[in-house]
$ cat run-v6.cif   # mmCIF, C-alpha atoms
data_coords
loop_
_atom_site.label_atom_id
_atom_site.label_comp_id
_atom_site.auth_asym_id
_atom_site.auth_seq_id
_atom_site.Cartn_x
_atom_site.Cartn_y
_atom_site.Cartn_z
CA MET A 916 13.59 -27.90 -8.92
CA LYS A 917 14.67 -26.10 -12.08
CA THR A 918 16.53 -22.82 -11.54
CA ASP A 919 18.38 -22.18 -14.83
CA PHE A 920 15.67 -20.49 -16.91
CA SER A 921 16.51 -19.10 -20.33
CA PRO A 922 15.80 -15.43 -21.16
CA GLN A 923 12.75 -16.55 -23.14
CA GLU A 924 11.47 -18.54 -20.17
CA LYS A 925 12.01 -15.63 -17.81
CA ALA A 926 10.21 -13.11 -20.00
CA PRO A 927 7.73 -14.66 -22.44
CA LEU A 928 5.64 -11.43 -22.45
CA SER A 929 6.78 -8.19 -24.09
CA SER A 930 5.81 -6.45 -20.83
CA LEU A 931 3.84 -7.16 -17.65
CA ASP A 932 0.99 -5.09 -19.08
CA VAL A 933 0.24 -7.92 -21.52
CA TRP A 934 -1.04 -10.02 -18.62
CA GLU A 935 -3.28 -7.17 -17.44
CA ASP A 936 -4.62 -6.62 -20.95
CA ASP A 937 -5.44 -10.32 -21.12
CA LEU A 938 -7.36 -10.02 -17.85
CA LEU A 939 -9.54 -7.35 -19.43
CA GLU A 940 -10.44 -9.77 -22.22
CA ARG A 941 -11.43 -12.42 -19.71
CA TYR A 942 -13.17 -10.09 -17.28
CA PRO A 943 -14.44 -7.12 -19.29
CA GLU A 944 -16.37 -4.25 -17.78
CA PRO A 945 -19.95 -5.43 -17.19
CA GLU A 946 -21.49 -2.75 -19.40
CA THR A 947 -19.31 -3.55 -22.42
CA THR A 948 -19.86 -6.13 -25.12
CA ALA A 949 -17.06 -8.63 -24.85
CA LYS A 950 -15.80 -11.90 -26.22
CA ALA A 951 -17.54 -14.94 -24.84
CA LYS A 952 -15.42 -17.28 -22.76
CA GLU A 953 -15.70 -19.83 -25.54
CA GLU A 954 -14.06 -17.37 -27.93
CA PHE A 955 -11.40 -16.55 -25.36
CA ARG A 956 -10.55 -20.24 -25.25
CA ASN A 957 -9.67 -20.23 -28.94
CA TYR A 958 -6.13 -21.30 -28.21
CA ASP A 959 -5.24 -21.39 -31.90
CA ASN A 960 -5.33 -17.60 -32.10
CA PRO A 961 -1.69 -16.61 -32.74
CA GLU A 962 -2.19 -13.32 -30.84
CA ARG A 963 -2.42 -15.38 -27.68
CA ASP A 964 0.82 -17.30 -28.15
CA THR A 965 2.88 -15.32 -25.63
CA VAL A 966 0.07 -15.43 -23.08
CA ARG A 967 -0.23 -19.18 -23.54
CA GLU A 968 3.51 -19.59 -23.04
CA PHE A 969 3.41 -17.39 -19.96
CA TYR A 970 0.75 -19.59 -18.36
CA ARG A 971 2.44 -22.79 -19.47
CA LEU A 972 5.56 -21.75 -17.57
CA ASN A 973 3.55 -20.48 -14.59
CA HIS A 974 1.49 -23.65 -14.25
CA THR A 975 4.48 -25.93 -14.80
CA TYR A 976 6.89 -24.39 -12.29
CA GLN A 977 4.69 -22.94 -9.54
CA THR A 978 4.94 -25.97 -7.26
CA TYR A 979 4.50 -26.22 -3.50
CA ASP A 980 8.28 -26.47 -3.01
CA PHE A 981 8.92 -23.55 -5.38
CA VAL A 982 6.64 -21.31 -3.32
CA GLN A 983 8.31 -22.32 -0.06
CA GLN A 984 11.73 -21.59 -1.53
CA LYS A 985 10.68 -18.16 -2.80
CA LYS A 986 9.18 -17.21 0.55
CA ALA A 987 12.31 -18.28 2.37
CA ASP A 988 14.40 -16.19 -0.03
CA PHE A 989 12.43 -12.99 -0.59
CA LEU A 990 10.65 -12.61 2.74
CA LYS A 991 14.00 -11.90 4.38
CA PHE A 992 13.66 -8.45 2.75
CA ASP A 993 17.41 -8.07 2.50
CA ARG A 994 17.79 -6.67 -1.04
CA LYS A 995 17.05 -2.95 -0.70
CA GLU A 996 15.77 -0.40 1.79
CA MET A 997 14.30 2.83 0.48
CA PRO A 998 11.50 5.39 0.88
CA ILE A 999 8.27 4.53 -0.91
CA TRP A 1000 8.64 7.32 -3.46
CA GLU A 1001 12.12 6.10 -4.33
CA ALA A 1002 10.60 2.64 -4.72
CA PHE A 1003 8.16 4.07 -7.28
CA ASN A 1004 11.08 5.47 -9.25
CA PHE A 1005 12.73 2.05 -9.05
CA LEU A 1006 9.52 0.39 -10.22
CA ASN A 1007 9.31 2.77 -13.16
CA THR A 1008 12.41 1.17 -14.66
CA LEU A 1009 10.12 -1.73 -15.61
CA VAL A 1010 8.72 0.35 -18.49
CA ASP A 1011 9.72 -1.15 -21.82
CA ASP A 1012 10.56 1.79 -24.07
CA SER A 1013 10.55 -0.50 -27.10
CA ASP A 1014 6.85 -1.26 -26.65
CA PRO A 1015 4.77 1.43 -28.41
CA ASP A 1016 1.62 0.38 -26.57
CA ILE A 1017 2.98 1.37 -23.17
CA GLU A 1018 2.47 5.09 -22.68
CA LEU A 1019 2.26 5.35 -18.89
CA ASP A 1020 4.92 4.41 -16.39
CA GLN A 1021 4.18 2.18 -13.41
CA LEU A 1022 3.55 5.07 -10.99
CA GLN A 1023 1.02 6.65 -13.31
CA HIS A 1024 -0.87 3.36 -13.52
CA LEU A 1025 -0.90 3.15 -9.72
CA LEU A 1026 -2.05 6.76 -9.39
CA GLN A 1027 -4.91 6.14 -11.79
CA THR A 1028 -6.10 3.34 -9.54
CA SER A 1029 -5.73 5.31 -6.31
CA GLU A 1030 -7.30 8.46 -7.76
CA ALA A 1031 -10.34 6.48 -8.96
CA ILE A 1032 -10.72 5.10 -5.44
CA ARG A 1033 -10.33 8.58 -3.90
CA ALA A 1034 -12.88 10.07 -6.31
CA ASP A 1035 -15.45 7.57 -5.03
CA GLY A 1036 -14.95 8.75 -1.44
CA HIS A 1037 -13.39 5.63 0.07
CA PRO A 1038 -11.22 5.76 3.24
CA ASP A 1039 -7.67 7.01 2.87
CA TRP A 1040 -6.17 3.59 3.65
CA PHE A 1041 -8.16 2.23 0.67
CA VAL A 1042 -6.71 5.00 -1.50
CA LEU A 1043 -3.21 4.10 -0.34
CA THR A 1044 -3.87 0.45 -1.13
CA GLY A 1045 -4.60 1.47 -4.71
CA LEU A 1046 -1.29 3.29 -4.86
CA LEU A 1047 0.69 0.38 -3.43
CA HIS A 1048 -1.07 -2.69 -4.81
CA ASP A 1049 1.39 -3.46 -7.63
CA MET A 1050 4.59 -2.40 -5.89
CA GLY A 1051 5.55 -6.05 -5.49
CA LYS A 1052 6.34 -6.09 -9.20
CA VAL A 1053 9.82 -4.92 -8.20
CA LEU A 1054 10.46 -8.68 -8.02
CA CYS A 1055 11.16 -8.47 -11.76
CA LEU A 1056 13.95 -6.02 -11.02
CA PHE A 1057 15.47 -8.59 -8.66
CA GLY A 1058 15.71 -11.10 -11.50
CA GLU A 1059 12.48 -13.04 -10.99
CA PRO A 1060 10.76 -14.52 -14.07
CA GLN A 1061 7.58 -12.75 -15.15
CA TRP A 1062 5.50 -15.82 -14.30
CA ALA A 1063 6.78 -15.65 -10.70
CA VAL A 1064 5.75 -11.99 -10.42
CA VAL A 1065 2.37 -11.62 -12.14
CA GLY A 1066 -0.36 -13.98 -13.30
CA ASP A 1067 -3.53 -15.29 -11.73
CA THR A 1068 -2.69 -16.72 -8.33
CA PHE A 1069 -3.94 -20.09 -7.08
CA PRO A 1070 -3.36 -22.44 -4.15
CA VAL A 1071 -0.39 -24.80 -4.37
CA GLY A 1072 -0.33 -28.01 -2.35
CA CYS A 1073 -3.69 -29.21 -3.64
CA LYS A 1074 -5.33 -30.07 -6.94
CA PRO A 1075 -5.75 -26.97 -9.13
CA SER A 1076 -9.27 -25.97 -10.09
CA ASP A 1077 -10.35 -26.21 -13.71
CA LYS A 1078 -11.59 -22.63 -13.29
CA ILE A 1079 -7.97 -21.42 -13.40
CA VAL A 1080 -7.00 -20.08 -16.81
CA TYR A 1081 -5.39 -22.73 -19.08
CA PRO A 1082 -5.85 -25.57 -16.57
CA GLU A 1083 -4.44 -28.18 -18.94
CA PHE A 1084 -0.94 -26.82 -18.40
CA PHE A 1085 -0.97 -28.15 -14.84
CA ASP A 1086 -0.46 -31.63 -16.26
CA ALA A 1087 3.26 -30.81 -16.55
CA ASN A 1088 3.50 -29.64 -12.93
CA PRO A 1089 5.32 -32.27 -10.81
CA ASP A 1090 2.80 -31.78 -8.00
CA SER A 1091 0.09 -33.24 -10.24
CA GLN A 1092 1.82 -36.62 -9.86
CA ASP A 1093 2.47 -36.28 -6.13
CA GLU A 1094 -0.22 -37.85 -3.95
CA ARG A 1095 0.48 -35.31 -1.21
CA TYR A 1096 -0.64 -32.47 -3.47
CA ASN A 1097 -2.97 -33.79 -6.17
CA THR A 1098 -6.23 -34.19 -4.25
CA LYS A 1099 -8.97 -31.62 -3.64
CA TYR A 1100 -7.61 -30.65 -0.22
CA GLY A 1101 -4.00 -31.80 -0.58
CA VAL A 1102 -2.03 -30.62 2.47
CA TYR A 1103 -4.98 -28.56 3.79
CA GLU A 1104 -8.08 -29.18 5.87
CA PRO A 1105 -11.62 -28.28 4.80
CA ASN A 1106 -12.38 -24.59 5.41
CA CYS A 1107 -8.99 -24.11 7.04
CA GLY A 1108 -8.86 -20.42 6.10
CA LEU A 1109 -6.71 -18.80 3.43
CA ASP A 1110 -4.07 -17.64 5.89
CA ASN A 1111 -3.20 -21.35 6.18
CA VAL A 1112 -3.07 -21.82 2.40
CA HIS A 1113 0.00 -21.18 0.22
CA LEU A 1114 -0.82 -19.40 -3.02
CA SER A 1115 1.43 -19.34 -6.06
CA TRP A 1116 4.33 -16.93 -5.65
CA GLY A 1117 4.11 -13.41 -7.01
CA HIS A 1118 3.82 -9.70 -6.33
CA ASP A 1119 0.64 -10.09 -4.25
CA GLU A 1120 2.12 -12.30 -1.54
CA TYR A 1121 5.38 -10.35 -1.50
CA LEU A 1122 3.61 -7.02 -0.95
CA TYR A 1123 1.31 -8.50 1.69
CA HIS A 1124 4.26 -9.54 3.85
CA MET A 1125 5.95 -6.20 3.24
CA MET A 1126 2.89 -4.30 4.48
CA LYS A 1127 1.28 -6.63 7.02
CA ASP A 1128 2.53 -4.67 10.05
CA HIS A 1129 1.40 -1.31 8.68
CA MET A 1130 -1.96 -1.51 6.89
CA PRO A 1131 -5.51 -2.43 7.99
CA GLU A 1132 -6.61 -6.02 7.48
CA SER A 1133 -9.06 -5.05 4.73
CA ALA A 1134 -6.21 -3.47 2.79
CA LEU A 1135 -4.05 -6.55 3.31
CA TYR A 1136 -6.74 -8.82 1.86
CA MET A 1137 -6.89 -6.60 -1.22
CA MET A 1138 -3.12 -6.71 -1.63
CA ARG A 1139 -2.78 -10.43 -1.02
CA TYR A 1140 -5.69 -11.74 -3.07
CA HIS A 1141 -6.33 -9.23 -5.87
CA SER A 1142 -4.91 -11.68 -8.46
CA PHE A 1143 -6.77 -14.69 -7.01
CA TYR A 1144 -9.30 -14.63 -9.83
CA ALA A 1145 -10.18 -18.30 -9.47
CA GLN A 1146 -11.83 -17.37 -6.18
CA HIS A 1147 -13.03 -13.78 -6.28
CA ARG A 1148 -14.38 -14.11 -9.83
CA GLU A 1149 -15.01 -17.86 -10.19
CA GLY A 1150 -15.67 -19.04 -6.60
CA ALA A 1151 -13.48 -22.11 -7.10
CA TYR A 1152 -11.97 -22.42 -3.62
CA ASP A 1153 -14.84 -21.95 -1.19
CA HIS A 1154 -13.86 -25.30 0.32
CA LEU A 1155 -10.62 -23.78 1.68
CA MET A 1156 -12.09 -20.48 2.90
CA ASP A 1157 -13.49 -19.86 6.35
CA ASP A 1158 -16.23 -17.42 7.32
CA HIS A 1159 -13.74 -14.65 8.03
CA ASP A 1160 -12.29 -14.99 4.52
CA ARG A 1161 -15.77 -14.77 3.02
CA GLU A 1162 -16.48 -11.59 4.94
CA MET A 1163 -13.14 -10.01 4.01
CA PHE A 1164 -13.45 -10.95 0.34
CA LYS A 1165 -16.11 -8.26 0.07
CA TRP A 1166 -13.17 -5.86 0.12
CA VAL A 1167 -11.26 -7.84 -2.51
CA LYS A 1168 -14.28 -7.75 -4.81
CA LEU A 1169 -14.76 -4.03 -4.16
CA PHE A 1170 -11.14 -3.36 -5.07
CA ASN A 1171 -11.03 -5.48 -8.24
CA PRO A 1172 -12.88 -3.08 -10.59
CA TYR A 1173 -10.49 -0.28 -9.65
CA ASP A 1174 -7.57 -2.57 -10.44
CA LEU A 1175 -8.92 -3.61 -13.84
CA TYR A 1176 -10.91 -0.68 -15.15
CA SER A 1177 -9.31 2.54 -13.89
CA LYS A 1178 -6.87 3.11 -16.75
CA ALA A 1179 -7.62 6.37 -18.58
CA PRO A 1180 -6.00 8.02 -21.61
CA VAL A 1181 -5.10 11.18 -19.68
CA PRO A 1182 -2.17 10.56 -17.31
CA PRO A 1183 -2.39 11.84 -13.74
CA ASN A 1184 -0.37 14.91 -12.80
CA VAL A 1185 2.28 13.37 -10.58
CA LYS A 1186 3.71 16.73 -9.47
CA GLU A 1187 0.33 18.00 -8.25
CA LEU A 1188 -0.62 14.74 -6.54
CA LYS A 1189 2.70 13.99 -4.88
CA PRO A 1190 2.22 16.17 -1.72
CA TYR A 1191 -1.11 14.48 -0.91
CA TYR A 1192 0.33 11.00 -1.34
CA GLU A 1193 3.51 11.79 0.56
CA ASP A 1194 1.36 12.80 3.54
CA LEU A 1195 -0.79 9.70 3.16
CA ILE A 1196 2.27 7.44 3.00
CA ALA A 1197 3.69 9.08 6.12
CA LYS A 1198 0.42 8.45 7.98
CA TYR A 1199 0.57 4.68 7.55
CA LEU A 1200 4.11 3.65 6.66
CA PRO A 1201 7.62 4.08 8.09
CA SER A 1202 10.07 6.42 6.38
CA THR A 1203 11.76 3.52 4.57
CA ILE A 1204 10.59 0.06 3.51
CA LYS A 1205 12.72 -3.05 3.17
CA PHE A 1206 12.52 -4.96 -0.11
#
$ encode --input "run-v6.cif" --output "structure tokens"
Amino acid sequence: MKTDFSPQEKAPLSSLDVWEDDLLERYPEPETTAKAKEEFRNYDNPERDTVREFYRLNHTYQTYDFVQQKKADFLKFDRKEMPIWEAFNFLNTLVDDSDPDIELDQLQHLLQTSEAIRADGHPDWFVLTGLLHDMGKVLCLFGEPQWAVVGDTFPVGCKPSDKIVYPEFFDANPDSQDERYNTKYGVYEPNCGLDNVHLSWGHDEYLYHMMKDHMPESALYMMRYHSFYAQHREGAYDHLMDDHDREMFKWVKLFNPYDLYSKAPVPPNVKELKPYYEDLIAKYLPSTIKF
């Protein structure tokens, strides 16, 4: 398994926001006029070169063994221990000051999501989920490549669906030539349930394990599967889901529009909002979290 990635392989995107902007092109707000999927798949468009390279790396190196190794490494949570608000400050160091298109820091993006959820009257644990959902991106600050932090997630250990973005790049993945992993079910059983399925490594899975002893199950589904677009938008992996997954994915689908469409030009007032969120954090989470 390759471990010596060049700087260009670690960070093909100018910032993590490029992936999120690309999601908005693929899954625009329903009421807006958007590019057809056929136009999206115009791979010769030079504007998409960095996104293509990002997914080429993601689909090539996210193997079953890679995911197991990352879980064994990062789920020890032995890198840092800090209060949540300190973690937000840590996360804010991801902002690329050289990128003129990035005007909001990471915390402001998270607050926009949580405030949109709160404005719609959802339970406070749902609001907190909006605030926390991207905290796993601190993986980048621990030296992880962008493609092992963000990106659409998908099951490893079985044949990838052609509904996953840029499916042709899976041809270079070693698992595609391994008979253990290259069939419809691979190492899994039909309708085995997603808790028995290993998804590609990234901020979703990392945050789920960080929060699984503290947050309600509905919140944990949102955290763990909010980037699993091949399923919650394309329905590509029903054959691995059980009835409980199908019921809980109602929450994932409810959360997704807040994740994609809550960005607004006016930044939230962090100073005014901080007391509310500090109380909310204290209600559900311990005083410090291990990363």
$ resolve_selection --input "run-v6.cif" --expression "the PyMOL selection byres ((chain A and resi 938) around 12)" --output "PyMOL selection string"
chain A and resi 931-937+939-944+952+955+966+1065-1067+1080+1142-1144+1148+1171-1172+1174-1176
$ residues_around --input "run-v6.cif" --residues "region 1185-1187 of chain A" --least-positions-apart "3" --cutoff "12 Å" --atoms "all atoms listed in the file" --output "PyMOL selection string"
chain A and resi 1000+1003-1004+1019-1027+1030+1181-1182+1190-1193
$ closest_residue --input "run-v6.cif" --among "A:Gln1061, A:Thr918, A:Thr1098, A:Asn1088" --to "Cys1073 (chain A)" --atoms "only C-alpha atoms"
A:Thr1098
$ closest_residue --input "run-v6.cif" --among "A:Ile999, A:Ala1031, A:Leu990, A:Ala1087" --to "Lys1127 (chain A)" --atoms "all atoms listed in the file"
A:Leu990
$ atom_distance --input "run-v6.cif" --atom1 "CA of Lys1205 (chain A)" --atom2 "CA of Phe1005 (chain A)"
13.2 Å
$ residues_near_point --input "run-v6.cif" --point "(7.7, -14.2, -16.8)" --cutoff "7 Å" --atoms "all atoms listed in the file" --output "number ranges by chain"
A: 924-928, 969, 1060-1063
$ residues_around --input "run-v6.cif" --residues "Gly1058 (chain A)" --least-positions-apart "6" --cutoff "12 Å" --atoms "all atoms listed in the file" --output "PyMOL selection string"
chain A and resi 918-922+925-926+989+994+1009+1052+1064
$ resolve_selection --input "run-v6.cif" --expression "the PyMOL selection byres ((chain A and resi 1042) around 6)" --output "compact mmCIF listing (two decimals) with C-alpha atoms, in the frame of the given file"
# COMPACT_ATOMS: atom_id res chain seq x y z
CA SER A 1029 -5.73 5.31 -6.31
CA ILE A 1032 -10.72 5.10 -5.44
CA ARG A 1033 -10.33 8.58 -3.90
CA ASP A 1039 -7.67 7.01 2.87
CA TRP A 1040 -6.17 3.59 3.65
CA PHE A 1041 -8.16 2.23 0.67
CA LEU A 1043 -3.21 4.10 -0.34
CA THR A 1044 -3.87 0.45 -1.13
CA GLY A 1045 -4.60 1.47 -4.71
$ atom_distance --input "run-v6.cif" --atom1 "CA of Ile1204 (chain A)" --atom2 "CA of Val1167 (chain A)"
24.0 Å
$ residues_around --input "run-v6.cif" --residues "Asn1097 (chain A)" --least-positions-apart "6" --cutoff "8 Å" --atoms "all atoms listed in the file" --output "number ranges by chain"
A: 1072-1075, 1090-1091
$ atom_distance --input "run-v6.cif" --atom1 "CA of Leu1195 (chain A)" --atom2 "CA of Gly1051 (chain A)"
19.1 Å
